[in-house]
Number of protein chains: 4
Amino acid sequence: MPDSTPRRYPDRNKTSREKITTAALTEFADKGLAGARIDRIATAAGVNKAMIYYHFSSKDNLYEQVVDEFVGDLMGRISQAISDKATVETGLMQLDEVYTELVTEYPEFPRLLLRELADPGGRMIGRISRILVKSGNPARMQRLLRRGVAGGRLRRINVRQALVSFLTMNIGYFLMAPLLDKVMDIKDRKRFVKERKKAVVDLFLNGVRAR
Amino acid sequence: MPDSTPRRYPDRNKTSREKITTAALTEFADKGLAGARIDRIATAAGVNKAMIYYHFSSKDNLYEQVVDEFVGDLMGRISQAISDKATVETGLMQLDEVYTELVTEYPEFPRLLLRELADPGGRMIGRISRILVKSGNPARMQRLLRRGVAGGRLRRINVRQALVSFLTMNIGYFLMAPLLDKVMDIKDRKRFVKERKKAVVDLFLNGVRAR
Amino acid sequence: MPDSTPRRYPDRNKTSREKITTAALTEFADKGLAGARIDRIATAAGVNKAMIYYHFSSKDNLYEQVVDEFVGDLMGRISQAISDKATVETGLMQLDEVYTELVTEYPEFPRLLLRELADPGGRMIGRISRILVKSGNPARMQRLLRRGVAGGRLRRINVRQALVSFLTMNIGYFLMAPLLDKVMDIKDRKRFVKERKKAVVDLFLNGVRAR
Amino acid sequence: MPDSTPRRYPDRNKTSREKITTAALTEFADKGLAGARIDRIATAAGVNKAMIYYHFSSKDNLYEQVVDEFVGDLMGRISQAISDKATVETGLMQLDEVYTELVTEYPEFPRLLLRELADPGGRMIGRISRILVKSGNPARMQRLLRRGVAGGRLRRINVRQALVSFLTMNIGYFLMAPLLDKVMDIKDRKRFVKERKKAVVDLFLNGVRAR
DNA sequence: AATGAATGAGAATTCATTCAT
DNA sequence: AATGAATGAATTCTCATTCAT
């Protein structure tokens, strides 16, 4: 059973493994692991149901593989996005940029993440955090902020809290968009997202900058 | 079928309807609607499976009832929490306080919310937003900020963005805690939560305050 | 899930658990565990397929339960059948009698046994042997023969081998009947079985008796 | 499809047909026809699943072919083993010898036989019996015994019953070994088998001999 | 002769829901 | 209000078999 075969990227002329992966990603994002239906995935992928078992051997395993590949790809992009020589300002800007891009390009991501965050047994969380930590970005950001504090350019803030604040302001909106859009009566989400980058970085910098 | 009998949250001397409600809340928070099992709920509640149908007529309906009651209770508490005469500072502090309390007292809440946020068909989101809007809190907060801007005490910020930032900094941490705790290497969550209130309000106020 | 509920014997007015047990016994004897079909058992028992899972939770478990109950019943009858004060002659006669009766009354037995004998993982063998050993019959028979040898009434035979020979002559025919009937051109099996008891005991006694 | 290509049992330099045959024999002995898996056979044989269909066209056919070849080989050895001029004593000895040898050399045999004996639709039984009958051995043995009775050297026994007894004492032990070893507490099976030949013939001869 | 991928027809198992009592 | 038994409609998973190369 070819469970972890290589994948080729070109979208056209997909192998059936790839077709399954794609269909499964959507289904899992839409319905979650428990709500997903193998039948539906097979139909969407245009393959025989048994094919899914041929390639992935079980629903649970399919979920894992799909999420793994997906998260792996995403995280790869995040890792590259931040250069070491960035200043606080450019660093934050870059990060913000990347998050927005990712979420826009891969709308399945926030939904998968939401479900996994709710799931005590989920392993995606652990995987993502490991990748993020390994990427060195969180550490780098902390260093950046710490240096700013030490150099007197930033107030004497709790760096960890500040970083958490920055992250939640960024990703948090995307996660809670369905709710926030209604509560805050946001009609034009696209525009709001565009404005948001600047607003977030602006609020954050003003919030931490020494006066 | 008596679908909306009186309810008390206290633990002792529960009616079987209450026992079901309690067990179901946990199950739904743990597994989501699709992953929840009537059997498990019945067992956890110590009642017969048929009893659930006697009281709630279907799984979907059970979910709705349970979530409704739960959300209703929660929102009631939020609504009361913010007095009209608050200043920006005290208003934010109060809000923050309430969120933290809620999430700590009702750990099922963030998980239910996470799942609903992931679910395009979910109706809990609509319900919550309606309640929140009706409570007038978001509008009040906006007014508060707008006045601050007008009076020159606050910078010329985008008020809506700022409010979204405040909300995501608050709730966002609780929603993403499983991930953030790992990425940011937060060992003592209790302490972090305690510090957080101040850190958030502090960052926010400094971020918006005119200089 | 009521997995080991008591059973009541009257054949009419059977509970569905009993109906399942009966149907399953036949199916398993006919087709073996791997060849048996839950669907067929349900139909034969006149119950819904899900009922089988309600009562037995899995095919494997059903098999085990059914075989266990069955073997337990059978062995109970064998255990009682041999009185302690028997002489070699009457003892052997009694044993022979019992085997023949059992096999005639419970034709499923030899077939279940055949399949289990072929199955390295089978647990029925262990169970039967334990029951037989506990019944004390094999030991008693050995003692009987040993005494005969010591008293000079029997030749100096290997008692264990002799006993094995006796047992195989008895049960062996029933197990191998489909083959032996053809090879030996046995047309009237009933008559052959009737004659057999005497023939076996006669051969055995003459074979072991001192001359 | 080349269904009856030459075969050699020796291990080295096997054609893939032979590899399949060997693997299938083990699988069928282990699990029976219904329990056998084409996948497992292919893996064990180190060939692709489709290869099996190329050579044998179906699972049932594979079973038949494999069992046929196997039984054919075995029976060939039995047929040769008994010379016409044997006395009762030597004839029995020879037979016994052969059975023991066969079962020792081809441990799959008793297990295949057991399963076939349990299967009402099995055709192996018919095939074996036909071969045995054609070999003339049973008839020869009957004649031998009959002559002994007529000549007064043997008691006036039922010859058919006696022969059945002899056969069951021989093969019966091998078939029921898993059970008998436990019940009779046989620790050293090898030694027991060695002793058994003599014990069986001895018991039998003494059982039938005129006194 | 040989293989990896693909398939259709089952087969076991699950689960929300209902029924009789 | 309460329960154990029962059910139908999925749903996951399996497996013999075939296809394209």
# chains A, B, ... in the order shown; residues from 1 in each chain; ligands from 1
$ closest_atom_pairs --of "chain B" --to "chain E" --cutoff "12 Å" --atoms "only C-alpha atoms (C1' of nucleotides)" --output "tab-separated table"
residue	atom	partner	partner_atom	distance
B:Ala34	CA	E:DC15	C1'	11.2
B:Gly35	CA	E:DC15	C1'	11.1
B:Ala36	CA	E:DC15	C1'	10.6
B:Arg37	CA	E:DC15	C1'	8.0
B:Ile38	CA	E:DA16	C1'	7.8
B:Asp39	CA	E:DC15	C1'	8.7
B:Arg40	CA	E:DC15	C1'	11.4
B:Lys49	CA	E:DT17	C1'	9.9
B:Ala50	CA	E:DT18	C1'	8.6
B:Met51	CA	E:DT17	C1'	11.7
B:Ile52	CA	E:DT17	C1'	10.6
B:Tyr53	CA	E:DT17	C1'	8.1
B:Tyr54	CA	E:DT18	C1'	10.7
B:Phe56	CA	E:DT17	C1'	11.9
B:Ser57	CA	E:DT17	C1'	9.1
B:Ser58	CA	E:DT17	C1'	8.0
B:Lys59	CA	E:DA16	C1'	7.6
B:Asp60	CA	E:DA16	C1'	10.3
$ residues_around --residues "D:Gly126" --least-positions-apart "5" --cutoff "10 Å" --atoms "only C-alpha atoms (C1' of nucleotides)" --output "list in words"
Pro178, Leu179, Lys182 and Val183 of chain C; Ile131 and Leu132 of chain D
$ closest_atom_pairs --of "chain A" --to "chain B" --cutoff "6 Å" --atoms "only C-alpha atoms" --output "tab-separated table"
residue	atom	partner	partner_atom	distance
A:Ala34	CA	B:Gly35	CA	4.9
A:Gly35	CA	B:Ala34	CA	5.1
A:Arg111	CA	B:Ala118	CA	4.8
A:Leu114	CA	B:Leu114	CA	5.4
A:Arg115	CA	B:Arg115	CA	5.6
A:Ala118	CA	B:Arg111	CA	4.8
A:Ile125	CA	B:Leu179	CA	5.7
A:Ser129	CA	B:Val183	CA	5.1
A:Val133	CA	B:Val183	CA	5.9
A:Ser165	CA	B:Met169	CA	5.3
A:Thr168	CA	B:Gly172	CA	5.3
A:Met169	CA	B:Ser165	CA	5.3
A:Gly172	CA	B:Gly172	CA	5.2
A:Leu179	CA	B:Ile125	CA	5.7
A:Val183	CA	B:Ser129	CA	5.1
A:Leu203	CA	B:Gly207	CA	4.6
A:Asn206	CA	B:Gly207	CA	4.4
A:Gly207	CA	B:Gly207	CA	3.5
$ closest_atom_pairs --of "chain F" --to "chain D" --cutoff "10 Å" --atoms "only C-alpha atoms (C1' of nucleotides)" --output "Markdown table"
| residue | atom | partner | partner_atom | distance |
| --- | --- | --- | --- | --- |
| F:DC15 | C1' | D:Arg37 | CA | 7.9 |
| F:DA16 | C1' | D:Lys59 | CA | 7.6 |
| F:DT17 | C1' | D:Ser58 | CA | 8.0 |
| F:DT18 | C1' | D:Ala50 | CA | 8.6 |
